[in-house]
>>> print(open('entry-v5.cif').read())   # mmCIF, C-alpha atoms
data_protein
#
loop_
_atom_site.group_PDB
_atom_site.id
_atom_site.type_symbol
_atom_site.label_atom_id
_atom_site.label_comp_id
_atom_site.auth_asym_id
_atom_site.auth_seq_id
_atom_site.Cartn_x
_atom_site.Cartn_y
_atom_site.Cartn_z
ATOM 1 C CA MET A 226 -20.509 35.073 -13.576
ATOM 2 C CA ALA A 227 -17.256 35.120 -11.616
ATOM 3 C CA THR A 228 -18.624 32.329 -9.440
ATOM 4 C CA ASN A 229 -19.329 30.185 -12.518
ATOM 5 C CA CYS A 230 -15.802 30.761 -13.810
ATOM 6 C CA CYS A 231 -14.339 29.755 -10.429
ATOM 7 C CA LYS A 232 -16.427 26.577 -10.404
ATOM 8 C CA HIS A 233 -15.224 25.610 -13.879
ATOM 9 C CA GLY A 234 -11.645 26.449 -12.943
ATOM 10 C CA LEU A 235 -11.888 24.335 -9.796
ATOM 11 C CA ARG A 236 -13.380 21.428 -11.770
ATOM 12 C CA LEU A 237 -10.623 21.659 -14.371
ATOM 13 C CA LEU A 238 -7.954 21.781 -11.675
ATOM 14 C CA THR A 239 -9.479 18.735 -9.939
ATOM 15 C CA ILE A 240 -9.564 16.775 -13.202
ATOM 16 C CA LEU A 241 -5.956 17.659 -14.004
ATOM 17 C CA VAL A 242 -4.793 16.628 -10.534
ATOM 18 C CA LEU A 243 -6.631 13.312 -10.777
ATOM 19 C CA LEU A 244 -5.191 12.641 -14.228
ATOM 20 C CA GLY A 245 -1.734 13.449 -12.914
ATOM 21 C CA PHE A 246 -2.091 10.956 -10.045
ATOM 22 C CA SER A 247 -3.444 8.215 -12.299
ATOM 23 C CA SER A 248 -0.654 8.585 -14.851
ATOM 24 C CA ALA A 249 2.000 8.692 -12.118
ATOM 25 C CA CYS A 250 0.909 5.238 -10.938
ATOM 26 C CA LYS A 251 1.487 3.658 -14.348
ATOM 27 C CA LYS A 252 5.004 2.729 -15.422
ATOM 28 C CA SER A 253 6.240 4.401 -18.573
ATOM 29 C CA ALA A 254 7.474 2.277 -21.460
ATOM 30 C CA ILE A 255 11.043 3.292 -20.583
ATOM 31 C CA ASP A 256 10.626 2.254 -16.946
ATOM 32 C CA GLN A 257 9.173 -1.092 -18.047
ATOM 33 C CA ALA A 258 12.072 -1.687 -20.481
ATOM 34 C CA LEU A 259 14.603 -1.029 -17.724
ATOM 35 C CA ASP A 260 12.892 -3.182 -15.107
ATOM 36 C CA SER A 261 13.573 -6.900 -14.814
ATOM 37 C CA ASP A 262 13.048 -9.709 -12.380
ATOM 38 C CA ALA A 263 16.311 -11.455 -13.309
ATOM 39 C CA ASN A 264 19.914 -10.998 -14.518
ATOM 40 C CA GLY A 265 21.125 -12.978 -17.537
ATOM 41 C CA TYR A 266 24.631 -14.151 -18.427
ATOM 42 C CA LEU A 267 26.595 -15.899 -21.147
ATOM 43 C CA CYS A 268 29.834 -17.649 -20.214
ATOM 44 C CA ARG A 269 32.596 -16.935 -22.739
ATOM 45 C CA GLY A 270 34.435 -20.051 -21.523
ATOM 46 C CA CYS A 271 31.800 -22.731 -22.166
ATOM 47 C CA ASN A 272 28.894 -20.787 -23.744
ATOM 48 C CA ALA A 273 26.567 -21.613 -20.833
ATOM 49 C CA ARG A 274 23.408 -19.531 -20.708
ATOM 50 C CA PHE A 275 22.057 -18.846 -17.252
ATOM 51 C CA TYR A 276 20.199 -16.302 -15.189
ATOM 52 C CA THR A 277 19.812 -15.389 -11.546
ATOM 53 C CA ASP A 278 17.286 -13.595 -9.395
ATOM 54 C CA ARG A 279 17.279 -9.822 -9.744
ATOM 55 C CA THR A 280 19.304 -9.324 -6.537
ATOM 56 C CA VAL A 281 21.990 -11.908 -7.424
ATOM 57 C CA PHE A 282 24.967 -10.972 -9.604
ATOM 58 C CA ALA A 283 27.176 -13.768 -10.919
ATOM 59 C CA ASN A 284 30.931 -13.845 -10.389
ATOM 60 C CA SER A 285 31.604 -17.193 -12.056
ATOM 61 C CA CYS A 286 30.002 -19.686 -14.403
ATOM 62 C CA PRO A 287 28.079 -22.414 -12.578
ATOM 63 C CA ASN A 288 29.273 -24.982 -15.165
ATOM 64 C CA CYS A 289 32.980 -24.359 -15.778
ATOM 65 C CA LYS A 290 33.704 -21.863 -12.942
ATOM 66 C CA SER A 291 35.168 -19.381 -15.460
ATOM 67 C CA MET A 292 34.937 -15.716 -14.498
ATOM 68 C CA ASN A 293 34.740 -14.733 -18.161
ATOM 69 C CA LEU A 294 31.048 -13.786 -18.099
ATOM 70 C CA VAL A 295 29.124 -11.222 -20.075
ATOM 71 C CA GLN A 296 25.715 -9.882 -19.140
ATOM 72 C CA VAL A 297 23.069 -10.206 -21.813
ATOM 73 C CA ILE A 298 20.423 -7.715 -22.873
ATOM 74 C CA GLY A 299 17.341 -7.821 -25.046
ATOM 75 C CA PHE A 300 17.144 -6.489 -28.576
ATOM 76 C CA VAL A 301 13.540 -5.623 -29.427
ATOM 77 C CA CYS A 302 12.118 -6.148 -32.916
ATOM 78 C CA PRO A 303 9.995 -3.213 -34.140
ATOM 79 C CA ALA A 304 7.875 -5.498 -36.326
ATOM 80 C CA ASP A 305 6.733 -8.140 -33.849
ATOM 81 C CA GLY A 306 8.004 -6.979 -30.427
ATOM 82 C CA HIS A 307 10.033 -10.181 -29.965
ATOM 83 C CA VAL A 308 13.025 -9.876 -27.614
ATOM 84 C CA THR A 309 16.237 -11.439 -28.933
ATOM 85 C CA VAL A 310 18.686 -12.030 -26.069
ATOM 86 C CA ALA A 311 22.387 -11.456 -26.811
ATOM 87 C CA PRO A 312 25.554 -10.189 -25.094
ATOM 88 C CA ARG A 313 25.973 -6.504 -24.360
ATOM 89 C CA GLY A 314 28.116 -4.561 -26.781
ATOM 90 C CA VAL A 315 26.729 -6.197 -29.898
ATOM 91 C CA GLY A 316 25.350 -3.586 -32.290
ATOM 92 C CA SER A 317 21.909 -4.315 -33.641
ATOM 93 C CA LEU A 318 21.102 -7.816 -34.777
ATOM 94 C CA ALA A 319 18.439 -9.736 -36.610
ATOM 95 C CA CYS A 320 15.289 -10.746 -34.780
ATOM 96 C CA GLU A 321 15.464 -14.486 -34.191
ATOM 97 C CA LYS A 322 11.723 -14.721 -34.903
ATOM 98 C CA CYS A 323 11.234 -12.757 -38.156
ATOM 99 C CA GLY A 324 14.756 -11.790 -39.260
ATOM 100 C CA GLN A 325 14.188 -8.016 -39.295
ATOM 101 C CA THR A 326 16.848 -5.748 -37.795
ATOM 102 C CA THR A 327 16.171 -4.987 -34.143
ATOM 103 C CA SER A 328 16.007 -1.352 -33.130
ATOM 104 C CA GLY A 329 15.207 -1.187 -29.422
ATOM 105 C CA LEU A 330 16.881 -2.355 -26.249
ATOM 106 C CA ALA A 331 15.287 -3.811 -23.140
ATOM 107 C CA ILE A 332 16.447 -5.655 -20.080
ATOM 108 C CA PRO A 333 15.083 -9.185 -20.509
ATOM 109 C CA ARG A 334 12.765 -10.735 -17.938
ATOM 110 C CA GLU A 335 12.831 -14.290 -16.605
ATOM 111 C CA ALA A 336 10.452 -15.468 -19.358
ATOM 112 C CA ASP A 337 12.827 -14.081 -22.019
ATOM 113 C CA PHE A 338 15.791 -15.890 -20.444
ATOM 114 C CA LYS A 339 13.844 -19.166 -20.365
ATOM 115 C CA ALA A 340 12.888 -18.744 -24.046
ATOM 116 C CA TRP A 341 16.588 -18.121 -24.794
ATOM 117 C CA GLY A 342 17.404 -21.485 -23.202
ATOM 118 C CA ALA A 343 18.991 -20.198 -20.016
ATOM 119 C CA ALA A 344 18.831 -22.104 -16.735
ATOM 120 C CA LYS A 345 18.114 -20.428 -13.407
ATOM 121 C CA LYS A 346 21.027 -20.531 -10.952
ATOM 122 C CA THR A 347 21.278 -19.692 -7.278
ATOM 123 C CA ARG A 348 23.634 -17.350 -5.432
ATOM 124 C CA ALA A 349 25.704 -20.343 -4.255
ATOM 125 C CA GLU A 350 26.059 -21.692 -7.800
ATOM 126 C CA VAL A 351 27.380 -18.430 -9.279
ATOM 127 C CA GLY A 352 29.760 -17.420 -6.496
ATOM 128 C CA SER A 353 27.970 -14.213 -5.663
#
>>> encode(input="entry-v5.cif", output="C-alpha coordinates")
Amino acid sequence: MATNCCKHGLRLLTILVLLGFSSACKKSAIDQALDSDANGYLCRGCNARFYTDRTVFANSCPNCKSMNLVQVIGFVCPADGHVTVAPRGVGSLACEKCGQTTSGLAIPREADFKAWGAAKKTRAEVGS
(Lines of atoms letter the chains of each structure in order from A and count residues from 1; the text may use other names and numbers.)
(Lines give C-alpha, C1' and ligand atoms only; values in the text may rest on other atoms or scores of the structure.)
Protein backbone atom coordinates (compact mmCIF):
# COMPACT_ATOMS: atom_id res chain seq x y z
CA MET A 1 0.00 0.00 0.00
CA ALA A 2 2.82 2.40 0.84
CA THR A 3 4.41 1.57 -2.50
CA ASN A 4 1.19 2.48 -4.34
CA CYS A 5 1.00 5.80 -2.49
CA CYS A 6 4.62 6.58 -3.40
CA LYS A 7 3.93 5.80 -7.06
CA HIS A 8 0.92 8.12 -7.12
CA GLY A 9 2.88 10.81 -5.30
CA LEU A 10 5.75 10.51 -7.77
CA ARG A 11 3.34 10.68 -10.72
CA LEU A 12 1.65 13.77 -9.28
CA LEU A 13 5.01 15.43 -8.65
CA THR A 14 6.13 14.66 -12.23
CA ILE A 15 2.92 16.11 -13.67
CA LEU A 16 3.22 19.26 -11.57
CA VAL A 17 6.84 19.76 -12.61
CA LEU A 18 5.97 19.32 -16.28
CA LEU A 19 3.06 21.75 -15.99
CA GLY A 20 5.35 24.24 -14.29
CA PHE A 21 7.91 24.04 -17.12
CA SER A 22 5.27 24.36 -19.83
CA SER A 23 3.65 27.41 -18.25
CA ALA A 24 7.03 29.05 -17.65
CA CYS A 25 7.73 28.96 -21.39
CA LYS A 26 4.58 30.91 -22.24
CA LYS A 27 4.54 34.68 -21.84
CA SER A 28 1.94 36.04 -19.46
CA ALA A 29 -0.53 38.64 -20.68
CA ILE A 30 1.37 41.27 -18.69
CA ASP A 31 4.70 40.31 -20.27
CA GLN A 32 3.11 40.45 -23.73
CA ALA A 33 1.60 43.90 -23.03
CA LEU A 34 4.99 45.24 -21.96
CA ASP A 35 6.93 43.76 -24.87
CA SER A 36 7.28 45.58 -28.18
CA ASP A 37 9.37 45.45 -31.30
CA ALA A 38 9.36 49.24 -31.76
CA ASN A 39 9.26 52.64 -30.01
CA GLY A 40 6.66 55.21 -31.08
CA TYR A 41 6.79 59.00 -30.93
CA LEU A 42 4.69 62.09 -31.58
CA CYS A 43 6.47 65.37 -32.30
CA ARG A 44 4.87 68.27 -30.41
CA GLY A 45 6.47 70.69 -32.89
CA CYS A 46 5.00 69.41 -36.17
CA ASN A 47 2.71 66.53 -35.08
CA ALA A 48 4.80 63.96 -36.99
CA ARG A 49 4.07 60.36 -36.07
CA PHE A 50 7.01 58.01 -36.32
CA TYR A 51 8.53 54.91 -34.80
CA THR A 52 11.93 53.30 -34.54
CA ASP A 53 13.32 49.84 -33.96
CA ARG A 54 13.11 48.62 -30.38
CA THR A 55 16.78 49.43 -29.68
CA VAL A 56 16.62 52.98 -31.12
CA PHE A 57 15.43 55.91 -28.99
CA ALA A 58 14.72 59.21 -30.73
CA ASN A 59 16.31 62.48 -29.66
CA SER A 60 14.80 64.68 -32.36
CA CYS A 61 12.01 64.71 -34.91
CA PRO A 62 13.10 63.45 -38.32
CA ASN A 63 10.89 66.09 -40.01
CA CYS A 64 11.40 69.38 -38.15
CA LYS A 65 14.40 68.42 -35.95
CA SER A 66 12.50 69.54 -32.82
CA MET A 67 13.48 67.81 -29.58
CA ASN A 68 9.95 68.25 -28.25
CA LEU A 69 8.97 64.57 -28.56
CA VAL A 70 6.61 62.47 -26.52
CA GLN A 71 6.56 58.69 -26.49
CA VAL A 72 3.23 57.11 -27.29
CA ILE A 73 1.53 54.14 -25.68
CA GLY A 74 -1.44 51.97 -26.49
CA PHE A 75 -4.83 52.25 -24.84
CA VAL A 76 -6.66 48.92 -25.08
CA CYS A 77 -10.43 48.73 -25.58
CA PRO A 78 -12.12 46.12 -23.35
CA ALA A 79 -14.90 45.57 -25.90
CA ASP A 80 -12.95 44.81 -29.06
CA GLY A 81 -9.27 44.66 -28.01
CA HIS A 82 -8.35 47.48 -30.42
CA VAL A 83 -5.22 49.46 -29.47
CA THR A 84 -5.60 53.24 -29.73
CA VAL A 85 -2.18 54.90 -29.87
CA ALA A 86 -1.79 58.23 -28.03
CA PRO A 87 0.81 60.20 -26.05
CA ARG A 88 1.75 59.11 -22.55
CA GLY A 89 0.12 61.00 -19.73
CA VAL A 90 -3.31 61.13 -21.30
CA GLY A 91 -5.91 59.60 -18.99
CA SER A 92 -8.23 57.11 -20.60
CA LEU A 93 -9.66 57.89 -24.00
CA ALA A 94 -12.25 56.63 -26.42
CA CYS A 95 -11.45 53.67 -28.62
CA GLU A 96 -10.96 54.97 -32.15
CA LYS A 97 -12.73 51.87 -33.48
CA CYS A 98 -15.92 51.59 -31.38
CA GLY A 99 -15.92 54.72 -29.19
CA GLN A 100 -15.99 52.91 -25.83
CA THR A 101 -13.71 54.13 -23.04
CA THR A 102 -10.39 52.30 -23.02
CA SER A 103 -9.35 50.63 -19.80
CA GLY A 104 -6.03 48.88 -20.39
CA LEU A 105 -2.55 49.97 -21.36
CA ALA A 106 -0.08 48.23 -23.64
CA ILE A 107 3.12 49.12 -25.39
CA PRO A 108 2.20 49.22 -29.09
CA ARG A 109 3.93 47.00 -31.62
CA GLU A 110 5.11 47.95 -35.11
CA ALA A 111 1.75 46.93 -36.62
CA ASP A 112 -0.07 49.28 -34.21
CA PHE A 113 2.24 52.17 -35.15
CA LYS A 114 1.64 51.53 -38.86
CA ALA A 115 -2.14 51.48 -38.29
CA TRP A 116 -1.77 54.79 -36.42
CA GLY A 117 -0.12 56.28 -39.52
CA ALA A 118 3.43 56.43 -38.21
CA ALA A 119 6.46 56.09 -40.48
CA LYS A 120 9.49 54.00 -39.57
CA LYS A 121 12.68 56.02 -39.05
CA THR A 122 16.29 55.00 -38.66
CA ARG A 123 18.82 55.83 -35.95
CA ALA A 124 20.45 58.42 -38.24
CA GLU A 125 17.11 60.14 -38.92
CA VAL A 126 16.19 60.58 -35.25
CA GLY A 127 19.58 61.65 -33.89
CA SER A 128 19.96 58.71 -31.57
>>> atom_distance(input="entry-v5.cif", atom1="CA of Ser353 in chain A", atom2="CA of Gln296 in chain A")
14.3 Å
>>> closest_residue(input="entry-v5.cif", among="A:Ala304, A:Val281, A:Leu330, A:Ala343", to="Ala263 in chain A", atoms="all atoms listed in the file")
A:Val281
>>> resolve_selection(input="entry-v5.cif", expression="the PyMOL selection byres ((chain A and resi 293) around 7)", output="list in words")
Cys268, Arg269, Gly270, Ser291, Met292, Leu294 and Val295 of chain A
>>> resolve_selection(input="entry-v5.cif", expression="the PyMOL selection byres ((chain A and resi 327) around 10)", output="MDAnalysis selection string")
chainID A and resid 299:309 316:321 324:326 328:330
>>> resolve_selection(input="entry-v5.cif", expression="the PyMOL selection byres ((chain A and resi 347) around 12)", output="list in words")
Ala263, Asn264, Phe275, Tyr276, Thr277, Asp278, Arg279, Thr280, Val281, Phe282, Ala283, Asn284, Ser285, Cys286, Pro287, Ala344, Lys345, Lys346, Arg348, Ala349, Glu350, Val351, Gly352 and Ser353 of chain A
>>> write_last_selection(input="entry-v5.cif", atoms="C-alpha atoms", output="CSV table (one decimal), keeping the file's coordinate frame")
chain,number,residue,atom,x,y,z
A,263,ALA,CA,16.3,-11.5,-13.3
A,264,ASN,CA,19.9,-11.0,-14.5
A,275,PHE,CA,22.1,-18.8,-17.3
A,276,TYR,CA,20.2,-16.3,-15.2
A,277,THR,CA,19.8,-15.4,-11.5
A,278,ASP,CA,17.3,-13.6,-9.4
A,279,ARG,CA,17.3,-9.8,-9.7
A,280,THR,CA,19.3,-9.3,-6.5
A,281,VAL,CA,22.0,-11.9,-7.4
A,282,PHE,CA,25.0,-11.0,-9.6
A,283,ALA,CA,27.2,-13.8,-10.9
A,284,ASN,CA,30.9,-13.8,-10.4
A,285,SER,CA,31.6,-17.2,-12.1
A,286,CYS,CA,30.0,-19.7,-14.4
A,287,PRO,CA,28.1,-22.4,-12.6
A,344,ALA,CA,18.8,-22.1,-16.7
A,345,LYS,CA,18.1,-20.4,-13.4
A,346,LYS,CA,21.0,-20.5,-11.0
A,348,ARG,CA,23.6,-17.4,-5.4
A,349,ALA,CA,25.7,-20.3,-4.3
A,350,GLU,CA,26.1,-21.7,-7.8
A,351,VAL,CA,27.4,-18.4,-9.3
A,352,GLY,CA,29.8,-17.4,-6.5
A,353,SER,CA,28.0,-14.2,-5.7
>>> atom_distance(input="entry-v5.cif", atom1="CA of Asn288 in chain A", atom2="CA of Arg274 in chain A")
9.7 Å
>>> closest_residue(input="entry-v5.cif", among="A:Gly342, A:Leu267, A:Cys323, A:Val310", to="Cys289 in chain A", atoms="only C-alpha atoms")
A:Leu267
>>> atom_distance(input="entry-v5.cif", atom1="CA of Ser261 in chain A", atom2="CA of Gly314 in chain A")
19.0 Å
>>> closest_residue(input="entry-v5.cif", among="A:Asn272, A:Lys290, A:Gly265, A:Pro312", to="Pro333 in chain A", atoms="all atoms listed in the file")
A:Gly265
>>> axis_aligned_box(input="entry-v5.cif", around="range 264-268 of chain A", padding_each_side="4 Å", output="JSON")
{"center_x": 24.9, "center_y": -14.3, "center_z": -17.8, "size_x": 17.9, "size_y": 14.7, "size_z": 14.6}
